[in-house]
$ cat start26.cif   # mmCIF, C-alpha atoms
data_entry
loop_
_atom_site.group_PDB
_atom_site.id
_atom_site.type_symbol
_atom_site.label_atom_id
_atom_site.label_comp_id
_atom_site.auth_asym_id
_atom_site.auth_seq_id
_atom_site.Cartn_x
_atom_site.Cartn_y
_atom_site.Cartn_z
ATOM 1 C CA ASP S 1 3.755 -37.532 -31.324
ATOM 2 C CA SER S 2 6.646 -35.583 -29.752
ATOM 3 C CA GLU S 3 6.016 -32.607 -32.059
ATOM 4 C CA LEU S 4 2.363 -32.642 -31.130
ATOM 5 C CA ASN S 5 3.251 -32.545 -27.433
ATOM 6 C CA GLN S 6 5.694 -29.686 -28.051
ATOM 7 C CA GLU S 7 3.070 -27.701 -29.949
ATOM 8 C CA LYS S 8 0.553 -28.334 -27.206
ATOM 9 C CA GLN S 9 3.106 -27.219 -24.598
ATOM 10 C CA LEU S 10 3.886 -24.062 -26.614
ATOM 11 C CA LYS S 11 0.187 -23.342 -26.995
ATOM 12 C CA ASP S 12 -0.348 -23.740 -23.234
ATOM 13 C CA ASP S 13 2.674 -21.537 -22.474
ATOM 14 C CA LEU S 14 1.434 -18.879 -24.884
ATOM 15 C CA LEU S 15 -2.038 -18.984 -23.326
ATOM 16 C CA ARG S 16 -0.567 -18.570 -19.812
ATOM 17 C CA HIS S 17 1.603 -15.668 -20.946
ATOM 18 C CA THR S 18 -1.367 -14.015 -22.661
ATOM 19 C CA GLU S 19 -3.499 -14.364 -19.523
ATOM 20 C CA ALA S 20 -0.673 -13.029 -17.364
ATOM 21 C CA ALA S 21 -0.218 -10.040 -19.697
ATOM 22 C CA ALA S 22 -3.949 -9.304 -19.640
ATOM 23 C CA LEU S 23 -3.967 -9.493 -15.834
ATOM 24 C CA TYR S 24 -0.924 -7.218 -15.703
ATOM 25 C CA HIS S 25 -2.586 -4.584 -17.913
ATOM 26 C CA GLU S 26 -5.821 -4.754 -15.921
ATOM 27 C CA THR S 27 -3.869 -4.333 -12.688
ATOM 28 C CA GLU S 28 -1.997 -1.362 -14.168
ATOM 29 C CA LYS S 29 -5.328 0.309 -15.061
ATOM 30 C CA LYS S 30 -6.654 -0.234 -11.533
ATOM 31 C CA LEU S 31 -3.419 1.119 -10.065
ATOM 32 C CA LYS S 32 -3.690 4.244 -12.208
ATOM 33 C CA VAL S 33 -7.257 4.866 -10.972
ATOM 34 C CA VAL S 34 -6.169 4.372 -7.354
ATOM 35 C CA GLU S 35 -3.200 6.734 -7.834
ATOM 36 C CA GLU S 36 -5.496 9.390 -9.332
ATOM 37 C CA LYS S 37 -7.892 9.090 -6.389
ATOM 38 C CA PHE S 38 -4.978 9.302 -3.957
ATOM 39 C CA THR S 39 -3.632 12.412 -5.672
ATOM 40 C CA LYS S 40 -7.052 14.082 -5.548
ATOM 41 C CA LEU S 41 -7.480 13.257 -1.853
ATOM 42 C CA LYS S 42 -3.970 14.474 -1.106
ATOM 43 C CA ASP S 43 -4.684 17.752 -2.925
ATOM 44 C CA VAL S 44 -7.944 18.219 -0.991
ATOM 45 C CA TYR S 45 -6.156 17.466 2.292
ATOM 46 C CA THR S 46 -3.384 19.948 1.450
ATOM 47 C CA LYS S 47 -5.912 22.660 0.615
ATOM 48 C CA LEU S 48 -7.905 22.043 3.807
ATOM 49 C CA ARG S 49 -4.707 22.040 5.867
ATOM 50 C CA GLU S 50 -3.602 25.367 4.360
ATOM 51 C CA GLU S 51 -7.042 26.880 5.020
ATOM 52 C CA HIS S 52 -6.962 25.564 8.590
ATOM 53 C CA ILE S 53 -3.539 27.083 9.225
ATOM 54 C CA ALA S 54 -4.681 30.413 7.741
ATOM 55 C CA LEU S 55 -7.765 30.415 9.989
ATOM 56 C CA ILE S 56 -5.674 29.620 13.065
ATOM 57 C CA ARG S 57 -3.374 32.543 12.237
ATOM 58 C CA GLN S 58 -6.359 34.803 11.594
ATOM 59 C CA LYS S 59 -7.871 33.801 14.949
ATOM 60 C CA ALA S 60 -4.578 34.519 16.717
ATOM 61 C CA GLY S 61 -4.438 37.955 15.094
ATOM 62 C CA ILE S 62 -7.979 38.770 16.148
ATOM 63 C CA GLU S 63 -7.293 37.606 19.701
ATOM 64 C CA LYS S 64 -4.166 39.770 19.782
ATOM 65 C CA GLU S 65 -6.167 42.783 18.582
ATOM 66 C CA LEU S 66 -8.797 42.134 21.237
ATOM 67 C CA ARG S 67 -6.145 41.943 23.954
ATOM 68 C CA GLY S 68 -4.718 45.214 22.641
ATOM 69 C CA GLY S 69 -8.206 46.712 22.624
ATOM 70 C CA ASP S 70 -8.693 45.662 26.239
ATOM 71 C CA LYS S 71 -5.447 47.411 27.150
ATOM 72 C CA MET S 72 -6.546 50.551 25.316
ATOM 73 C CA THR S 73 -9.907 50.465 27.087
ATOM 74 C CA LYS S 74 -8.184 50.160 30.484
ATOM 75 C CA PHE S 75 -5.803 52.965 29.525
ATOM 76 C CA ALA S 76 -8.699 55.190 28.396
ATOM 77 C CA ARG S 77 -10.571 54.554 31.646
ATOM 78 C CA ALA S 78 -7.484 55.328 33.680
ATOM 79 C CA ALA S 79 -6.907 58.517 31.680
ATOM 80 C CA ASN S 80 -10.557 59.484 32.143
ATOM 81 C CA HIS S 81 -10.324 58.951 35.904
ATOM 82 C CA LEU S 82 -7.069 60.909 36.058
ATOM 83 C CA ILE S 83 -8.491 63.828 34.071
ATOM 84 C CA CYS S 84 -11.671 63.808 36.128
ATOM 85 C CA SER S 85 -9.699 63.770 39.375
ATOM 86 C CA ILE S 86 -7.652 66.735 38.181
ATOM 87 C CA VAL S 87 -10.727 68.639 36.993
ATOM 88 C CA ARG S 88 -12.719 67.324 39.979
ATOM 89 C CA THR S 89 -15.680 66.041 37.985
ATOM 90 C CA PRO S 90 -17.214 62.566 38.054
ATOM 91 C CA PRO S 91 -15.720 60.089 35.518
ATOM 92 C CA VAL S 92 -17.584 59.534 32.276
ATOM 93 C CA ASN S 93 -18.735 55.920 31.883
ATOM 94 C CA THR S 94 -18.891 55.779 28.102
ATOM 95 C CA LEU S 95 -16.109 53.203 27.754
#
$ encode --input "start26.cif" --output "structure tokens"
Amino acid sequence: DSELNQEKQLKDDLLRHTEAAALYHETEKKLKVVEEKFTKLKDVYTKLREEHIALIRQKAGIEKELRGGDKMTKFARAANHLICSIVRTPPVNTL
């Protein structure tokens, strides 16, 4: 009777260990899927962030060029007025 109880106990222990191992492997598979999704999202975020930074820099460069263009336009107008005042002709309004 004692041997029968021991065998039953061993069988129950083995069953619990088998179930725990199966649950562990299933959890590992789910974790791997979640990690892959996280990595993909992180890569997409990194790419979008890099593109965003590049666009911000591009915008700043364009704004700087426009400010420089405004200065050149003002300079050209001033030069036109100066030349016209020296030559005594009306300024040209092409700028």
$ atom_distance --input "start26.cif" --atom1 "atom CA of S:Lys47" --atom2 "atom CA of S:Gly61"
21.1 Å
$ axis_aligned_box --input "start26.cif" --around "stretch 30-39 of chain S" --padding-each-side "5 Å" --output "AutoDock Vina command-line options"
--center_x -5.5 --center_y 6.1 --center_z -8.1 --size_x 14.7 --size_y 22.6 --size_z 18.3
$ atom_distance --input "start26.cif" --atom1 "atom CA of S:Asp1" --atom2 "atom CA of S:Ala20"
28.5 Å
